>>> print(open('model_25.txt').read())   # compact mmCIF, C-alpha atoms
# COMPACT_ATOMS: atom_id res chain seq x y z
CA MET A 987 74.78 82.31 115.17
CA THR A 988 72.15 83.47 112.72
CA VAL A 989 72.07 83.91 108.97
CA LEU A 990 70.64 87.38 108.48
CA PRO A 991 68.34 88.29 105.57
CA MET A 992 70.23 89.82 102.65
CA ARG A 993 69.13 93.19 101.27
CA TYR A 994 69.10 93.48 97.49
CA PHE A 995 69.60 96.24 94.95
CA GLY A 996 66.69 98.65 95.15
CA ASP A 997 66.47 98.50 98.95
CA PRO A 998 67.00 102.07 100.26
CA VAL A 999 69.24 100.83 103.10
CA LEU A 1000 71.92 100.07 100.51
CA ARG A 1001 72.09 103.78 99.61
CA THR A 1002 72.20 104.85 103.26
CA VAL A 1003 75.43 106.10 104.80
CA ALA A 1004 76.14 103.95 107.86
CA ASP A 1005 76.58 105.53 111.27
CA PRO A 1006 79.89 105.13 113.12
CA ILE A 1007 79.83 102.78 116.08
CA ARG A 1008 80.57 104.81 119.20
CA SER A 1009 83.76 103.81 121.01
CA GLU A 1010 81.81 102.96 124.17
CA ASP A 1011 79.65 100.54 122.12
CA VAL A 1012 82.50 98.69 120.36
CA GLY A 1013 82.59 95.69 122.75
CA ASP A 1014 78.84 95.67 123.37
CA PRO A 1015 77.21 92.21 123.15
CA ALA A 1016 74.90 93.46 120.37
CA VAL A 1017 77.90 94.51 118.24
CA ARG A 1018 79.65 91.17 118.93
CA THR A 1019 76.51 89.29 117.88
CA LEU A 1020 76.19 91.44 114.75
CA VAL A 1021 79.80 90.63 113.70
CA THR A 1022 79.32 86.90 114.37
CA ASP A 1023 76.02 86.84 112.47
CA MET A 1024 77.52 88.81 109.58
CA LEU A 1025 80.36 86.29 109.26
CA GLU A 1026 77.81 83.45 109.26
CA THR A 1027 75.71 85.29 106.66
CA MET A 1028 78.73 85.99 104.43
CA ASP A 1029 79.68 82.31 104.57
CA HIS A 1030 76.11 81.22 103.85
CA TYR A 1031 75.92 83.36 100.71
CA GLY A 1032 79.48 82.52 99.60
CA GLY A 1033 80.92 86.02 99.77
CA VAL A 1034 84.37 87.38 100.55
CA GLY A 1035 82.99 90.47 102.29
CA LEU A 1036 79.77 91.84 103.76
CA ALA A 1037 78.88 95.31 105.02
CA ALA A 1038 76.31 95.82 107.78
CA ASN A 1039 73.87 97.72 105.60
CA GLN A 1040 73.67 94.68 103.30
CA VAL A 1041 71.80 93.00 106.16
CA GLY A 1042 69.77 96.10 106.99
CA VAL A 1043 71.95 97.51 109.79
CA THR A 1044 73.24 101.04 109.27
CA LYS A 1045 76.33 100.66 111.46
CA ARG A 1046 79.89 101.14 110.19
CA VAL A 1047 81.25 97.60 110.24
CA PHE A 1048 82.16 95.00 107.63
CA VAL A 1049 83.42 91.43 107.70
CA TYR A 1050 85.74 89.71 105.23
CA ASP A 1051 87.32 86.40 104.31
CA CYS A 1052 89.87 86.83 101.53
CA ASP A 1053 92.43 84.15 100.77
CA GLY A 1054 92.35 82.82 104.35
CA ASP A 1055 92.52 86.28 105.94
CA ARG A 1056 89.27 86.47 107.94
CA GLY A 1057 88.05 89.21 110.21
CA HIS A 1058 86.06 92.38 110.65
CA ILE A 1059 86.69 96.11 110.92
CA ILE A 1060 84.58 98.58 112.86
CA ASN A 1061 84.59 102.20 111.66
CA PRO A 1062 86.91 101.43 108.73
CA MET A 1063 88.76 104.13 106.84
CA TRP A 1064 91.20 103.55 104.02
CA GLU A 1065 93.69 105.47 101.96
CA ARG A 1066 95.46 104.56 98.75
CA VAL A 1067 99.10 103.50 99.01
CA GLY A 1068 101.02 104.06 95.79
CA GLU A 1069 99.68 104.72 92.31
CA GLU A 1070 99.14 101.14 91.08
CA ASP A 1071 95.59 100.13 90.17
CA GLN A 1072 93.98 96.76 89.69
CA THR A 1073 91.22 96.16 87.19
CA GLY A 1074 89.16 93.02 87.46
CA PRO A 1075 85.82 91.33 87.94
CA GLU A 1076 83.65 92.36 90.85
CA GLY A 1077 80.25 91.26 92.07
CA CYS A 1078 78.10 91.77 95.12
CA LEU A 1079 75.91 89.63 97.36
CA SER A 1080 73.25 92.35 97.15
CA VAL A 1081 73.19 92.09 93.36
CA PRO A 1082 73.27 88.30 92.84
CA GLY A 1083 74.40 87.00 89.50
CA ILE A 1084 75.52 90.41 88.24
CA GLY A 1085 79.16 91.35 87.81
CA GLY A 1086 81.36 93.81 86.05
CA THR A 1087 84.86 95.14 85.62
CA VAL A 1088 85.98 97.60 88.29
CA THR A 1089 89.25 99.48 88.71
CA ARG A 1090 90.40 100.05 92.27
CA ALA A 1091 93.64 100.80 94.11
CA MET A 1092 96.01 97.80 94.26
CA ARG A 1093 97.21 98.66 97.78
CA VAL A 1094 95.44 100.48 100.61
CA ARG A 1095 96.05 101.22 104.25
CA VAL A 1096 92.96 100.44 106.32
CA THR A 1097 92.36 101.57 109.89
CA GLY A 1098 89.60 100.94 112.41
CA VAL A 1099 89.05 98.74 115.45
CA THR A 1100 87.95 95.21 116.22
CA VAL A 1101 85.02 94.23 118.40
CA ASP A 1102 87.58 93.75 121.20
CA GLY A 1103 88.68 97.37 120.84
CA GLU A 1104 92.01 96.38 119.28
CA PRO A 1105 93.27 98.91 116.73
CA VAL A 1106 93.43 97.84 113.09
CA ASP A 1107 96.13 99.49 110.98
CA ARG A 1108 97.12 97.38 108.00
CA GLU A 1109 98.42 97.71 104.49
CA VAL A 1110 96.58 95.26 102.24
CA THR A 1111 96.80 94.39 98.55
CA GLU A 1112 94.96 92.72 95.72
CA LEU A 1113 91.72 90.91 96.73
CA LEU A 1114 91.66 92.19 100.31
CA ALA A 1115 92.37 95.75 99.10
CA ARG A 1116 89.47 95.38 96.62
CA CYS A 1117 87.26 94.02 99.41
CA VAL A 1118 88.11 96.89 101.78
CA GLN A 1119 87.22 99.45 99.09
CA HIS A 1120 84.03 97.63 98.04
CA GLU A 1121 82.71 97.16 101.59
CA THR A 1122 83.62 100.69 102.66
CA ASP A 1123 81.74 101.93 99.60
CA HIS A 1124 78.69 100.04 100.90
CA LEU A 1125 79.03 101.78 104.26
CA ASP A 1126 79.06 105.08 102.35
CA GLY A 1127 75.87 104.09 100.48
CA VAL A 1128 77.70 103.38 97.20
CA MET A 1129 77.34 100.16 95.22
CA PHE A 1130 79.95 98.72 92.86
CA LEU A 1131 77.64 99.37 89.89
CA LYS A 1132 78.60 103.04 90.17
CA HIS A 1133 82.20 102.11 89.26
CA LEU A 1134 81.27 100.31 86.02
CA SER A 1135 81.67 101.85 82.59
CA SER A 1136 78.44 103.31 81.23
CA GLU A 1137 78.03 100.37 78.83
CA GLU A 1138 78.60 97.77 81.56
CA ARG A 1139 76.25 99.64 83.90
CA LYS A 1140 73.50 99.69 81.26
CA GLU A 1141 73.92 95.95 80.67
CA ALA A 1142 73.97 95.24 84.42
CA MET A 1143 70.78 97.27 84.93
CA LYS A 1144 69.10 95.35 82.11
CA GLU A 1145 70.10 92.06 83.76
CA ILE A 1146 68.89 93.31 87.16
CA ARG A 1147 65.48 94.29 85.74
CA GLN A 1148 65.14 90.79 84.24
CA SER A 1149 66.32 88.94 87.36
CA GLU A 1150 64.01 86.82 89.45
CA TRP A 1151 65.23 88.28 92.76
CA PHE A 1152 64.55 91.86 91.61
CA ASN A 1153 61.04 91.14 90.35
CA SER A 1154 59.83 89.15 93.35
>>> encode(input="model_25.txt", output="structure tokens")
Amino acid sequence: MTVLPMRYFGDPVLRTVADPIRSEDVGDPAVRTLVTDMLETMDHYGGVGLAANQVGVTKRVFVYDCDGDRGHIINPMWERVGEEDQTGPEGCLSVPGIGGTVTRAMRVRVTGVTVDGEPVDREVTELLARCVQHETDHLDGVMFLKHLSSEERKEAMKEIRQSEWFNS
């Protein structure tokens, strides 16, 4: 297992839409290694989720570990279930030390496949629902900062410009 280098805000790969993983490549050793390394990287940085483009790979896969529910989803797609929203704090491993308040769906249905080709079709809530939406946004080239209020976004951008990681 390998801890992969994290990509930070400002890196163009974070604004890149990830390519789907072809069905014939799902169980490929390179994809298995990517998932294993992404889990190791997420653990190393203390995250609850990590999308492939956060480690410079433009493939449609993310890993997660939310409240003891740990796994990965290849080619994820989600849809809102119900009208209830959740509003709460959100951060990102690619924007260390910066957070904000984001409103997302409370419950979503997520589909995709595992590295073993097993179908994923789950209804998830709360933190895992937030994680699914956040990581899928990454795979679509969207960062959580886009979901902040204009005031919070301005403050976050000011903090980013002053951060050590952004200026190095």
>>> closest_residue(input="model_25.txt", among="A:Asp1005, A:Glu1112, A:Asp1102, A:Asp1029", to="Asn1061 of chain A", atoms="only C-alpha atoms")
A:Asp1005
>>> residues_around(input="model_25.txt", residues="segment 1000-1002 of chain A", least_positions_apart="5", cutoff="7 Å", atoms="only C-alpha atoms", output="PyMOL selection string")
chain A and resi 1039-1040+1124+1126-1128
>>> atom_distance(input="model_25.txt", atom1="atom CA of Glu1145 of chain A", atom2="atom CA of Pro1075 of chain A")
16.3 Å
>>> atom_distance(input="model_25.txt", atom1="atom CA of Arg1056 of chain A", atom2="atom CA of Pro1015 of chain A")
20.2 Å
>>> residues_around(input="model_25.txt", residues="Phe1152 of chain A", least_positions_apart="2", cutoff="9 Å", atoms="only C-alpha atoms", output="tab-separated table (two decimals) with C-alpha atoms, keeping the file's coordinate frame")
chain	number	residue	atom	x	y	z
A	994	TYR	CA	69.10	93.48	97.49
A	995	PHE	CA	69.60	96.24	94.95
A	996	GLY	CA	66.69	98.65	95.15
A	1081	VAL	CA	73.19	92.09	93.36
A	1146	ILE	CA	68.89	93.31	87.16
A	1147	ARG	CA	65.48	94.29	85.74
A	1148	GLN	CA	65.14	90.79	84.24
A	1149	SER	CA	66.32	88.94	87.36
A	1150	GLU	CA	64.01	86.82	89.45
A	1154	SER	CA	59.83	89.15	93.35
>>> residues_around(input="model_25.txt", residues="Leu1036 of chain A", least_positions_apart="4", cutoff="9 Å", atoms="all atoms listed in the file", output="number ranges by chain")
A: 1024-1025, 1027-1028, 1040-1041, 1047-1050, 1078-1079, 1117, 1121, 1124
>>> write_last_selection(input="model_25.txt", atoms="C-alpha atoms", output="PDB file, in the frame of the given file")
ATOM      1  CA  MET A1024      77.520  88.810 109.580  1.00  0.00           C
ATOM      2  CA  LEU A1025      80.360  86.290 109.260  1.00  0.00           C
ATOM      3  CA  THR A1027      75.710  85.290 106.660  1.00  0.00           C
ATOM      4  CA  MET A1028      78.730  85.990 104.430  1.00  0.00           C
ATOM      5  CA  GLN A1040      73.670  94.680 103.300  1.00  0.00           C
ATOM      6  CA  VAL A1041      71.800  93.000 106.160  1.00  0.00           C
ATOM      7  CA  VAL A1047      81.250  97.600 110.240  1.00  0.00           C
ATOM      8  CA  PHE A1048      82.160  95.000 107.630  1.00  0.00           C
ATOM      9  CA  VAL A1049      83.420  91.430 107.700  1.00  0.00           C
ATOM     10  CA  TYR A1050      85.740  89.710 105.230  1.00  0.00           C
ATOM     11  CA  CYS A1078      78.100  91.770  95.120  1.00  0.00           C
ATOM     12  CA  LEU A1079      75.910  89.630  97.360  1.00  0.00           C
ATOM     13  CA  CYS A1117      87.260  94.020  99.410  1.00  0.00           C
ATOM     14  CA  GLU A1121      82.710  97.160 101.590  1.00  0.00           C
ATOM     15  CA  HIS A1124      78.690 100.040 100.900  1.00  0.00           C
TER      16      HIS A1124
END
>>> decode(input="model_25.txt", residues="segment 990-1006 of chain A", atoms="N, CA and C atoms", output="CSV table (one decimal), in the first residue's frame")
chain,number,residue,atom,x,y,z
A,990,LEU,N,-0.6,8.2,-1.4
A,990,LEU,CA,-0.4,9.0,-2.7
A,990,LEU,C,-0.3,10.5,-2.3
A,991,PRO,N,0.4,11.2,-3.2
A,991,PRO,CA,0.4,12.7,-2.9
A,991,PRO,C,-0.9,13.4,-3.1
A,992,MET,N,-1.3,14.2,-2.2
A,992,MET,CA,-2.5,14.9,-2.2
A,992,MET,C,-2.4,16.1,-3.2
A,993,ARG,N,-3.5,16.4,-3.9
A,993,ARG,CA,-3.5,17.6,-4.8
A,993,ARG,C,-4.3,18.6,-4.0
A,994,TYR,N,-3.9,19.9,-4.1
A,994,TYR,CA,-4.5,20.9,-3.3
A,994,TYR,C,-5.2,22.0,-4.2
A,995,PHE,N,-6.1,22.7,-3.6
A,995,PHE,CA,-6.8,23.8,-4.3
A,995,PHE,C,-5.8,24.6,-5.2
A,996,GLY,N,-6.3,24.8,-6.4
A,996,GLY,CA,-5.4,25.5,-7.4
A,996,GLY,C,-4.9,24.5,-8.4
A,997,ASP,N,-4.8,23.2,-8.1
A,997,ASP,CA,-4.3,22.2,-9.0
A,997,ASP,C,-5.5,22.0,-10.1
A,998,PRO,N,-5.2,22.1,-11.4
A,998,PRO,CA,-6.2,21.9,-12.4
A,998,PRO,C,-6.9,20.6,-12.4
A,999,VAL,N,-6.3,19.5,-11.9
A,999,VAL,CA,-6.9,18.2,-11.8
A,999,VAL,C,-8.1,18.2,-11.0
A,1000,LEU,N,-8.2,19.1,-10.0
A,1000,LEU,CA,-9.4,19.2,-9.1
A,1000,LEU,C,-10.6,19.8,-9.8
A,1001,ARG,N,-10.4,20.4,-11.0
A,1001,ARG,CA,-11.5,21.0,-11.7
A,1001,ARG,C,-11.8,20.2,-13.0
A,1002,THR,N,-11.1,19.0,-13.0
A,1002,THR,CA,-11.3,18.1,-14.2
A,1002,THR,C,-12.4,17.1,-13.9
A,1003,VAL,N,-13.3,16.9,-14.9
A,1003,VAL,CA,-14.3,15.9,-14.8
A,1003,VAL,C,-13.6,14.5,-15.0
A,1004,ALA,N,-13.8,13.6,-14.1
A,1004,ALA,CA,-13.2,12.3,-14.1
A,1004,ALA,C,-13.8,11.4,-15.2
A,1005,ASP,N,-13.0,10.6,-15.8
A,1005,ASP,CA,-13.5,9.6,-16.8
A,1005,ASP,C,-14.1,8.4,-16.1
A,1006,PRO,N,-15.2,7.8,-16.7
A,1006,PRO,CA,-15.7,6.6,-16.1
A,1006,PRO,C,-14.7,5.5,-16.3
